[in-house]
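First up is the structure itself, then whatever we jot down about it.
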Amino acid sequence: MKLLGQKLVPNQPGTITIIPEQPDDLWFLYNLIANGDIISAPTTRKIQTCSDKKNTSRVKLELEIRITSFDYDKSCSIIRVRGKTITSNDHVKSGVFHTLELGKNKEFNLMKKLWDEETIGILKDGSDPNGGSKVDLAVILMKEGLAQIFLIRQSATSHCATIQGDKITNNSGSKSFFENIFVSFRKHIDMDVIPYVVIASCESIKDEFRVYLLLEAHRSKIKSIENNKSRILLVNKNNVKEILHDKVVMSMMKNTKSEIDIKVLDEFMNMVSTNSKRACYGTKDVEYAHELMAIETLLITKEILRNEDNKMRQKYLRMEKSVKKAGGKVVQFNQDVGQRLAQLTGIAAILRFPLPDVDELVL
């Protein structure tokens with residue numbers, strides 16, 4: 001997410017220009033926007049050009065509205081904001097209800113009457129180039145006739161491409177398939193930026209493609225691949241979850257957010273097995289622990305935080321904020337890293353001190 005324009009001052013009004021770059025940026029902004037904020041963004045509207053109602057044209061214009069309601073469509077990562085226009089132009093009067101769509105790579109301005117220090121901090125964290133949008137690892141999953149490319153970010157795992165080929169019966173078929181993977185590799189993976197690439201398969205095709213990749217990079221003089229060939233690793237796994245738990249991969253991802261998240265989840269699972277009174281999961285147990293200020297680390301999946309029920313979503317967001325205020329840590333898990341947590345309701349906690357199970361209490 002890019003931030004442009006003036007510097008925001010705590011406890012003062014201000015306007016900032018925002019360009020969301022990842023789907024997660026839109027979700028982040030959905031939790032930042034509030035009713036009463038002012039949004040201005042380019043859009044298009046159908047305009048009647050003469051007295052004939054059928055004769056219309058679509059024109060580009062800028063609308064500025066004061067928000068009265070908004071929603072998030074996670075299927076296409078779009079925020080729809082609705083409100084009354086506060087300025088007029090040749091085509092739209094002020095005081096009229098309109099809806100604007102905020103999407104990936106679409107610039108808009110956000111104005112708040114007051115930017116408190118916490119909100120400014122959250123906005124800066126979201127735009128940190130070393131934050132959630134940073135790629136920790138690229139993965140190419142392969143089997144005969146099929147390859148998929150994934151980027152493992154701190155905030156989420158994104159599926160970038162699927163490359164299909166016919167069943168390989170000769171060198172010609174293999175070369176055509178590898179050529180298509182190579183094109184996608186160049187499109188999605190920049191080895192000057194991404195620290196490691198894993199080519200994974202339980203078949204020998206992974207070894208064959210790595211040889212092809214390095215030969216083609218040498219032939220085409222692609223230095224970003226040639227100079228970093230030691231960071232292109234082979235792993236004998238067939239899904240992203242297994243790759244992230246591979247000892248070699250975990251070692252090379254040391255100190256990245258994904259690796260730290262895995263360690264936190266492993267610590268929790270170990271606590272459940274060996275010291276269950278200092279671990280809990282499920283909304284009821286976690287809320288009880290929170291009431292007693294017992295949470296040392298709150299573990300929560302992003303799917304829980306993206307609950308379509310706004311009241312539930314706000315409840316979990318308030319819990320996160322309260323845990324942090326009390327000196328606890330909050331770890332959010334994306335789908336691949338947090339798969340085990342999702343199987344345990346999606347919310348859990350490591351506790352500061354032992355607590356009895358809620359069901360054992362006599363209330």
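Ordering of the structure tokens sets the chain letters (A, B, ...); residue numbers start at 1 within each chain; ligands are numbered from 1 in the order shown.
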Skipping near chain neighbours, those fewer than 6 positions away, what residues fall within 9 Å of segment 303-318 of chain A using only C-alpha atoms, listed as a VMD selection string?
-> chain A and resid 27 31 72 74 332 to 335 342 345 to 347
Pick out the residues sitting within 10 Å of Met111 of chain A, and hand them over as an MDAnalysis selection string; count only C-alpha atoms, and ignore anything fewer than 6 positions along from it in its own chain.
-> chainID A and resid 13:17 33 36:40 66
Those same residues, written as a JSON list (two decimals), in the first residue's frame with N, CA, C and O atoms?
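And here's out.json as it stands now:
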```json
[["chain", "number", "residue", "atom", "x", "y", "z"],
["A", 13, "PRO", "N", -7.15, 17.35, 11.89],
["A", 13, "PRO", "CA", -7.75, 16.88, 10.64],
["A", 13, "PRO", "C", -6.65, 16.70, 9.58],
["A", 13, "PRO", "O", -5.58, 17.31, 9.68],
["A", 14, "GLY", "N", -6.92, 15.88, 8.59],
["A", 14, "GLY", "CA", -5.92, 15.70, 7.55],
["A", 14, "GLY", "C", -6.43, 14.81, 6.44],
["A", 14, "GLY", "O", -7.40, 14.07, 6.60],
["A", 15, "THR", "N", -5.75, 14.91, 5.30],
["A", 15, "THR", "CA", -6.10, 14.11, 4.12],
["A", 15, "THR", "C", -4.86, 13.37, 3.64],
["A", 15, "THR", "O", -3.76, 13.92, 3.61],
["A", 16, "ILE", "N", -5.04, 12.11, 3.28],
["A", 16, "ILE", "CA", -3.94, 11.30, 2.78],
["A", 16, "ILE", "C", -4.38, 10.61, 1.49],
["A", 16, "ILE", "O", -5.55, 10.21, 1.35],
["A", 17, "THR", "N", -3.47, 10.52, 0.52],
["A", 17, "THR", "CA", -3.75, 9.81, -0.73],
["A", 17, "THR", "C", -3.26, 8.37, -0.59],
["A", 17, "THR", "O", -2.12, 8.15, -0.18],
["A", 33, "ILE", "N", -11.54, 2.84, 7.71],
["A", 33, "ILE", "CA", -12.55, 3.81, 7.29],
["A", 33, "ILE", "C", -13.71, 3.83, 8.29],
["A", 33, "ILE", "O", -14.06, 2.81, 8.87],
["A", 36, "GLY", "N", -18.67, 9.17, 8.34],
["A", 36, "GLY", "CA", -18.30, 10.57, 8.60],
["A", 36, "GLY", "C", -17.01, 10.97, 7.91],
["A", 36, "GLY", "O", -16.75, 12.16, 7.71],
["A", 37, "ASP", "N", -16.17, 9.97, 7.55],
["A", 37, "ASP", "CA", -14.96, 10.27, 6.77],
["A", 37, "ASP", "C", -15.36, 10.76, 5.38],
["A", 37, "ASP", "O", -16.46, 10.47, 4.88],
["A", 38, "ILE", "N", -14.44, 11.48, 4.74],
["A", 38, "ILE", "CA", -14.69, 11.96, 3.37],
["A", 38, "ILE", "C", -13.75, 11.24, 2.41],
["A", 38, "ILE", "O", -12.54, 11.18, 2.64],
["A", 39, "ILE", "N", -14.33, 10.68, 1.35],
["A", 39, "ILE", "CA", -13.57, 9.98, 0.32],
["A", 39, "ILE", "C", -13.74, 10.72, -0.99],
["A", 39, "ILE", "O", -14.85, 11.10, -1.37],
["A", 40, "SER", "N", -12.64, 10.93, -1.70],
["A", 40, "SER", "CA", -12.73, 11.43, -3.07],
["A", 40, "SER", "C", -11.96, 10.48, -3.97],
["A", 40, "SER", "O", -10.85, 10.05, -3.64],
["A", 66, "ARG", "N", -19.27, 12.20, 1.68],
["A", 66, "ARG", "CA", -19.15, 11.96, 3.11],
["A", 66, "ARG", "C", -19.82, 10.61, 3.39],
["A", 66, "ARG", "O", -20.99, 10.41, 3.10]]
```
Given the choices A:Ile149, A:Val272, A:Val198, A:Leu292, which gets closest to Val248 of chain A if the distance is worked out from only C-alpha atoms?
-> A:Val198
Determine which residues of segment 275-344 of chain A DSSP labels as alpha helix (DSSP H) from the backbone of this structure, then write them out as a PyMOL selection string.
-> chain A and resi 283-291+302-305+310-325+339-343
List every residue of segment 13-199 of chain A that DSSP, applied to the backbone, labels as strand (DSSP E), and write the result as JSON, numbers by chain.
-> {"A": [13, 14, 15, 16, 17, 18, 19, 38, 39, 40, 41, 42, 43, 44, 45, 46, 47, 48, 56, 57, 58, 59, 60, 61, 62, 63, 64, 65, 66, 67, 68, 69, 70, 71, 72, 73, 78, 79, 80, 81, 82, 83, 84, 85, 97, 98, 99, 100, 101, 102, 108, 109, 110, 111, 112, 113, 114, 115, 135, 136, 137, 138, 139, 140, 141, 142, 143, 146, 147, 148, 149, 150, 151, 152, 153, 157, 158, 159, 160, 161, 162, 163, 164, 197, 198, 199]}
One residue among A:Glu101, A:Glu144, A:Asp71, A:Glu107 is nearest to Leu3 of chain A when using only C-alpha atoms, and that residue is A:Glu107
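Across the model, the gap from atom CA of Leu298 of chain A to atom CA of Val323 of chain A is 7.5 Å.
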Between A:Ile122, A:Cys160, A:Cys202, A:Ala289, which is the closest to Asn238 of chain A once you count only C-alpha atoms?
->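 Ranked by minimum distance to Asn238 of chain A, first place goes to A:Cys202.
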Skipping near chain neighbours, those fewer than 2 positions away, what residues fall within 12 Å of Ser322 of chain A using only C-alpha atoms, listed as a PyMOL selection string?
-> chain A and resi 287+290-291+293-298+315-320+324-330
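Of the residues listed (A:Ala147, A:Cys76, A:Leu299, A:Leu355), A:Leu299 shows the shortest atom-to-atom separation from Asp261 of chain A; distances use only C-alpha atoms.
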Contacts of segment 157-159 of chain A at 10 Å or less, counting only C-alpha atoms, minus same-chain residues fewer than 6 places along, as a PyMOL selection string?
-> chain A and resi 22-23+135-139+148-151+240+334-337
Nearest residue to Phe182 of chain A from the set A:Lys321, A:Lys113, A:Arg231, A:Arg210 (distances using only C-alpha atoms) |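 Closest residue, counting only C-alpha atoms: A:Arg210.
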Of the candidates A:Leu215, A:Leu123, A:Leu61, A:Ser258, which one gets nearest to Arg153 of chain A if we count only C-alpha atoms?
->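 Smallest separation from Arg153 of chain A among the options: A:Ser258.
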Contacts of Met269 of chain A at 12 Å or less, counting only C-alpha atoms, minus same-chain residues fewer than 3 places along, as a list in words?
-> Ile262, Lys263, Val264, Leu265, Asp266, Val272, Ser273, Thr274, Asn275, Ser276, Arg278, Ala279, Cys280, Tyr281, Leu299, Gly338, Arg340, Leu341, Gln343, Leu344, Ala348, Ala349 and Ile350 of chain A
Tell me, as an MDAnalysis selection string, which residues lie within 12 Å of Ile78 of chain A, counting only C-alpha atoms; anything in the same chain fewer than 6 positions away does not count.
-> chainID A and resid 20 22:30 70:72 100:106
Would you mind exporting N, CA and C atoms of the selected residues as a PDB file, in the first residue's frame?
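Once everything was written out, this is part-v1.pdb:
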```pdb
ATOM      1  N   PRO A  20      -4.051   1.240  -2.750  1.00  0.00           N
ATOM      2  CA  PRO A  20      -3.950  -0.164  -2.318  1.00  0.00           C
ATOM      3  C   PRO A  20      -3.232  -0.988  -3.395  1.00  0.00           C
ATOM      4  N   GLN A  22      -2.341  -4.600  -2.688  1.00  0.00           N
ATOM      5  CA  GLN A  22      -2.629  -6.015  -2.474  1.00  0.00           C
ATOM      6  C   GLN A  22      -4.073  -6.164  -1.977  1.00  0.00           C
ATOM      7  N   PRO A  23      -4.696  -7.328  -2.218  1.00  0.00           N
ATOM      8  CA  PRO A  23      -6.052  -7.538  -1.688  1.00  0.00           C
ATOM      9  C   PRO A  23      -6.144  -7.291  -0.183  1.00  0.00           C
ATOM     10  N   ASP A  24      -5.070  -7.657   0.561  1.00  0.00           N
ATOM     11  CA  ASP A  24      -5.088  -7.446   2.014  1.00  0.00           C
ATOM     12  C   ASP A  24      -5.119  -5.964   2.376  1.00  0.00           C
ATOM     13  N   ASP A  25      -4.592  -5.107   1.480  1.00  0.00           N
ATOM     14  CA  ASP A  25      -4.630  -3.667   1.738  1.00  0.00           C
ATOM     15  C   ASP A  25      -6.070  -3.173   1.830  1.00  0.00           C
ATOM     16  N   LEU A  26      -6.939  -3.748   0.978  1.00  0.00           N
ATOM     17  CA  LEU A  26      -8.348  -3.329   0.996  1.00  0.00           C
ATOM     18  C   LEU A  26      -9.028  -3.738   2.299  1.00  0.00           C
ATOM     19  N   TRP A  27      -8.716  -4.956   2.768  1.00  0.00           N
ATOM     20  CA  TRP A  27      -9.275  -5.397   4.048  1.00  0.00           C
ATOM     21  C   TRP A  27      -8.767  -4.514   5.180  1.00  0.00           C
ATOM     22  N   PHE A  28      -7.506  -4.177   5.136  1.00  0.00           N
ATOM     23  CA  PHE A  28      -6.891  -3.305   6.133  1.00  0.00           C
ATOM     24  C   PHE A  28      -7.613  -1.951   6.155  1.00  0.00           C
ATOM     25  N   LEU A  29      -7.852  -1.380   4.961  1.00  0.00           N
ATOM     26  CA  LEU A  29      -8.495  -0.071   4.868  1.00  0.00           C
ATOM     27  C   LEU A  29      -9.961  -0.128   5.298  1.00  0.00           C
ATOM     28  N   TYR A  30     -10.608  -1.258   5.047  1.00  0.00           N
ATOM     29  CA  TYR A  30     -12.001  -1.438   5.472  1.00  0.00           C
ATOM     30  C   TYR A  30     -12.134  -1.264   6.978  1.00  0.00           C
ATOM     31  N   PHE A  70     -20.657   1.592   4.428  1.00  0.00           N
ATOM     32  CA  PHE A  70     -19.643   0.959   3.571  1.00  0.00           C
ATOM     33  C   PHE A  70     -19.628  -0.532   3.837  1.00  0.00           C
ATOM     34  N   ASP A  71     -19.190  -1.300   2.839  1.00  0.00           N
ATOM     35  CA  ASP A  71     -19.081  -2.748   2.996  1.00  0.00           C
ATOM     36  C   ASP A  71     -17.890  -3.251   2.190  1.00  0.00           C
ATOM     37  N   TYR A  72     -17.510  -4.479   2.505  1.00  0.00           N
ATOM     38  CA  TYR A  72     -16.332  -5.087   1.872  1.00  0.00           C
ATOM     39  C   TYR A  72     -16.751  -6.378   1.174  1.00  0.00           C
ATOM     40  N   LEU A 100     -19.070   4.756  -4.323  1.00  0.00           N
ATOM     41  CA  LEU A 100     -17.751   4.640  -4.935  1.00  0.00           C
ATOM     42  C   LEU A 100     -17.170   3.269  -4.620  1.00  0.00           C
ATOM     43  N   GLU A 101     -16.446   2.703  -5.572  1.00  0.00           N
ATOM     44  CA  GLU A 101     -15.759   1.428  -5.354  1.00  0.00           C
ATOM     45  C   GLU A 101     -14.262   1.671  -5.239  1.00  0.00           C
ATOM     46  N   LEU A 102     -13.682   1.182  -4.143  1.00  0.00           N
ATOM     47  CA  LEU A 102     -12.245   1.291  -3.909  1.00  0.00           C
ATOM     48  C   LEU A 102     -11.633  -0.075  -4.159  1.00  0.00           C
ATOM     49  N   GLY A 103     -10.657  -0.142  -5.061  1.00  0.00           N
ATOM     50  CA  GLY A 103     -10.064  -1.425  -5.422  1.00  0.00           C
ATOM     51  C   GLY A 103      -8.559  -1.353  -5.567  1.00  0.00           C
ATOM     52  N   LYS A 104      -7.975  -2.479  -5.915  1.00  0.00           N
ATOM     53  CA  LYS A 104      -6.530  -2.603  -6.057  1.00  0.00           C
ATOM     54  C   LYS A 104      -6.005  -1.650  -7.134  1.00  0.00           C
ATOM     55  N   ASN A 105      -4.935  -0.916  -6.777  1.00  0.00           N
ATOM     56  CA  ASN A 105      -4.254   0.024  -7.675  1.00  0.00           C
ATOM     57  C   ASN A 105      -5.127   1.204  -8.099  1.00  0.00           C
ATOM     58  N   LYS A 106      -6.214   1.481  -7.341  1.00  0.00           N
ATOM     59  CA  LYS A 106      -7.071   2.630  -7.610  1.00  0.00           C
ATOM     60  C   LYS A 106      -6.832   3.694  -6.541  1.00  0.00           C
TER      61      LYS A 106
END
```
